[in-house]
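Reading through the structure tokens given below for one structure.
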Amino acid sequence: MVAEIQERIVELTRQSGFSVLLVEQHLGFALRVANRYHVLESGRVTSHGDGGVTAEREVRAALAV
């Protein structure tokens, strides 16, 4: 079911040109399909940058508690 939802999100963005705000706890998928990412903490942006799998290290560091 999750894989199907992920496929539909990717289809929507590619076919229609829609922008999608994706709030996701699974970083792999989210960063793989994202053009940009923003990490929020207490309602404030604490980190942001270009998406893609290469951003995972920066995002994980921003999420570290």
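Please note that chains go A, B, ... in the order of the structure tokens, that every chain numbers its residues from 1, and that ligands are numbered from 1 in the order shown.
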All strand (DSSP E or B) residues (DSSP, backbone) inside chain A, as a count of residues only: 13
Contact residues around Gln6 in chain A with only C-alpha atoms at 12 Å, ignoring same-chain residues under 4 positions, as an mmCIF file with N, CA and C atoms, in the first residue's frame:
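Produced file around26.cif, reproduced below:
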data_model
loop_
_atom_site.group_PDB
_atom_site.id
_atom_site.type_symbol
_atom_site.label_atom_id
_atom_site.label_comp_id
_atom_site.auth_asym_id
_atom_site.auth_seq_id
_atom_site.Cartn_x
_atom_site.Cartn_y
_atom_site.Cartn_z
ATOM 1 N N MET A 1 0.816 -1.183 0.000
ATOM 2 C CA MET A 1 0.000 0.000 0.000
ATOM 3 C C MET A 1 0.872 1.264 0.000
ATOM 4 N N VAL A 2 1.902 1.277 0.827
ATOM 5 C CA VAL A 2 2.786 2.436 0.903
ATOM 6 C C VAL A 2 3.470 2.666 -0.436
ATOM 7 N N VAL A 10 4.647 10.442 -7.054
ATOM 8 C CA VAL A 10 5.632 10.694 -8.108
ATOM 9 C C VAL A 10 4.924 10.955 -9.433
ATOM 10 N N GLU A 11 3.905 10.172 -9.762
ATOM 11 C CA GLU A 11 3.132 10.371 -10.996
ATOM 12 C C GLU A 11 2.503 11.759 -11.040
ATOM 13 N N LEU A 12 1.880 12.162 -9.949
ATOM 14 C CA LEU A 12 1.225 13.477 -9.904
ATOM 15 C C LEU A 12 2.205 14.599 -10.186
ATOM 16 N N THR A 13 3.362 14.535 -9.594
ATOM 17 C CA THR A 13 4.325 15.616 -9.780
ATOM 18 C C THR A 13 4.905 15.620 -11.183
ATOM 19 N N VAL A 20 4.100 19.340 -4.484
ATOM 20 C CA VAL A 20 3.541 18.550 -3.390
ATOM 21 C C VAL A 20 4.331 18.851 -2.127
ATOM 22 N N LEU A 22 5.255 17.343 1.113
ATOM 23 C CA LEU A 22 5.278 15.985 1.647
ATOM 24 C C LEU A 22 5.866 16.016 3.047
ATOM 25 N N GLU A 24 6.934 13.606 5.786
ATOM 26 C CA GLU A 24 7.220 12.172 5.757
ATOM 27 C C GLU A 24 8.274 11.815 6.785
ATOM 28 N N HIS A 26 9.832 8.754 6.573
ATOM 29 C CA HIS A 26 10.750 7.846 5.889
ATOM 30 C C HIS A 26 11.631 8.677 4.955
ATOM 31 N N GLY A 28 14.305 8.137 3.110
ATOM 32 C CA GLY A 28 14.748 7.621 1.817
ATOM 33 C C GLY A 28 13.838 8.053 0.688
ATOM 34 N N PHE A 29 12.566 7.744 0.805
ATOM 35 C CA PHE A 29 11.606 8.109 -0.236
ATOM 36 C C PHE A 29 11.488 9.616 -0.367
ATOM 37 N N ALA A 30 11.315 10.296 0.755
ATOM 38 C CA ALA A 30 11.084 11.736 0.725
ATOM 39 C C ALA A 30 12.227 12.474 0.039
ATOM 40 N N ARG A 32 14.541 11.202 -1.971
ATOM 41 C CA ARG A 32 14.741 10.710 -3.344
ATOM 42 C C ARG A 32 13.883 11.489 -4.338
ATOM 43 N N VAL A 33 12.669 11.852 -3.954
ATOM 44 C CA VAL A 33 11.757 12.522 -4.878
ATOM 45 C C VAL A 33 11.699 14.037 -4.681
#
Best match for closeness to Leu31 in chain A among A:Ile9, A:Val59, A:Val45, A:Ala64, counting only C-alpha atoms: A:Val59
His38 in chain A surroundings by only C-alpha atoms, 7 Å radius, close-in-sequence under 6 positions cut, as a PyMOL selection string: chain A and resi 45+47-49
CA of Tyr37 in chain A to CA of Gly17 in chain A, distance in Å rounded to a single decimal: 17.8 Å
Sel. of helix (DSSP H, G or I) residues, chain A, as JSON, numbers by chain: {"A": [2, 3, 4, 5, 6, 7, 8, 9, 10, 11, 12, 13, 14, 15, 16, 27, 28, 29, 30, 31, 32, 33, 53, 54, 55, 56, 57, 58, 59, 60, 61, 62, 63]}
Could you save the residues just selected, with N, CA and C atoms, as a short mmCIF file (atom, residue, chain, number, x, y, z; two decimals), in the first residue's frame?
data_model
loop_
_atom_site.label_atom_id
_atom_site.label_comp_id
_atom_site.auth_asym_id
_atom_site.auth_seq_id
_atom_site.Cartn_x
_atom_site.Cartn_y
_atom_site.Cartn_z
N VAL A 2 1.90 1.28 0.83
CA VAL A 2 2.79 2.44 0.90
C VAL A 2 3.47 2.67 -0.44
N ALA A 3 3.94 1.60 -1.06
CA ALA A 3 4.61 1.72 -2.36
C ALA A 3 3.67 2.31 -3.40
N GLU A 4 2.41 1.93 -3.37
CA GLU A 4 1.44 2.45 -4.33
C GLU A 4 1.21 3.95 -4.11
N ILE A 5 1.12 4.36 -2.87
CA ILE A 5 0.95 5.79 -2.57
C ILE A 5 2.17 6.57 -3.06
N GLN A 6 3.35 6.03 -2.82
CA GLN A 6 4.57 6.69 -3.28
C GLN A 6 4.58 6.84 -4.80
N GLU A 7 4.17 5.79 -5.50
CA GLU A 7 4.11 5.84 -6.97
C GLU A 7 3.15 6.94 -7.44
N ARG A 8 2.00 7.04 -6.78
CA ARG A 8 1.00 8.04 -7.18
C ARG A 8 1.52 9.46 -6.95
N ILE A 9 2.23 9.67 -5.86
CA ILE A 9 2.80 10.99 -5.59
C ILE A 9 3.78 11.36 -6.69
N VAL A 10 4.65 10.44 -7.05
CA VAL A 10 5.63 10.69 -8.11
C VAL A 10 4.92 10.95 -9.43
N GLU A 11 3.90 10.17 -9.76
CA GLU A 11 3.13 10.37 -11.00
C GLU A 11 2.50 11.76 -11.04
N LEU A 12 1.88 12.16 -9.95
CA LEU A 12 1.23 13.48 -9.90
C LEU A 12 2.20 14.60 -10.19
N THR A 13 3.36 14.53 -9.59
CA THR A 13 4.32 15.62 -9.78
C THR A 13 4.90 15.62 -11.18
N ARG A 14 5.11 14.46 -11.76
CA ARG A 14 5.70 14.39 -13.10
C ARG A 14 4.70 14.72 -14.20
N GLN A 15 3.51 14.18 -14.11
CA GLN A 15 2.53 14.34 -15.18
C GLN A 15 1.82 15.69 -15.14
N SER A 16 1.55 16.18 -13.96
CA SER A 16 0.72 17.39 -13.86
C SER A 16 1.53 18.64 -13.58
N LEU A 27 12.83 8.99 5.40
CA LEU A 27 13.71 9.90 4.68
C LEU A 27 14.08 9.42 3.29
N GLY A 28 14.30 8.14 3.11
CA GLY A 28 14.75 7.62 1.82
C GLY A 28 13.84 8.05 0.69
N PHE A 29 12.57 7.74 0.80
CA PHE A 29 11.61 8.11 -0.24
C PHE A 29 11.49 9.62 -0.37
N ALA A 30 11.32 10.30 0.75
CA ALA A 30 11.08 11.74 0.72
C ALA A 30 12.23 12.47 0.04
N LEU A 31 13.45 12.16 0.38
CA LEU A 31 14.59 12.85 -0.21
C LEU A 31 14.83 12.44 -1.66
N ARG A 32 14.54 11.20 -1.97
CA ARG A 32 14.74 10.71 -3.34
C ARG A 32 13.88 11.49 -4.34
N VAL A 33 12.67 11.85 -3.95
CA VAL A 33 11.76 12.52 -4.88
C VAL A 33 11.70 14.04 -4.68
N VAL A 53 19.19 12.02 -2.71
CA VAL A 53 19.76 11.10 -1.73
C VAL A 53 21.03 11.65 -1.08
N THR A 54 21.72 12.57 -1.73
CA THR A 54 22.93 13.13 -1.14
C THR A 54 22.63 14.05 0.03
N ALA A 55 21.40 14.46 0.21
CA ALA A 55 21.02 15.35 1.31
C ALA A 55 20.76 14.58 2.60
N GLU A 56 20.73 13.26 2.54
CA GLU A 56 20.33 12.48 3.71
C GLU A 56 21.23 12.74 4.92
N ARG A 57 22.51 12.87 4.73
CA ARG A 57 23.42 13.11 5.86
C ARG A 57 23.07 14.42 6.57
N GLU A 58 22.85 15.49 5.79
CA GLU A 58 22.51 16.78 6.37
C GLU A 58 21.18 16.73 7.12
N VAL A 59 20.20 16.04 6.53
CA VAL A 59 18.89 15.95 7.16
C VAL A 59 18.97 15.14 8.43
N ARG A 60 19.66 14.02 8.40
CA ARG A 60 19.80 13.20 9.63
C ARG A 60 20.51 14.00 10.73
N ALA A 61 21.53 14.78 10.37
CA ALA A 61 22.22 15.60 11.37
C ALA A 61 21.29 16.65 11.96
N ALA A 62 20.44 17.23 11.11
CA ALA A 62 19.49 18.25 11.59
C ALA A 62 18.43 17.64 12.50
N LEU A 63 18.12 16.37 12.28
CA LEU A 63 17.09 15.69 13.08
C LEU A 63 17.63 15.06 14.35
#
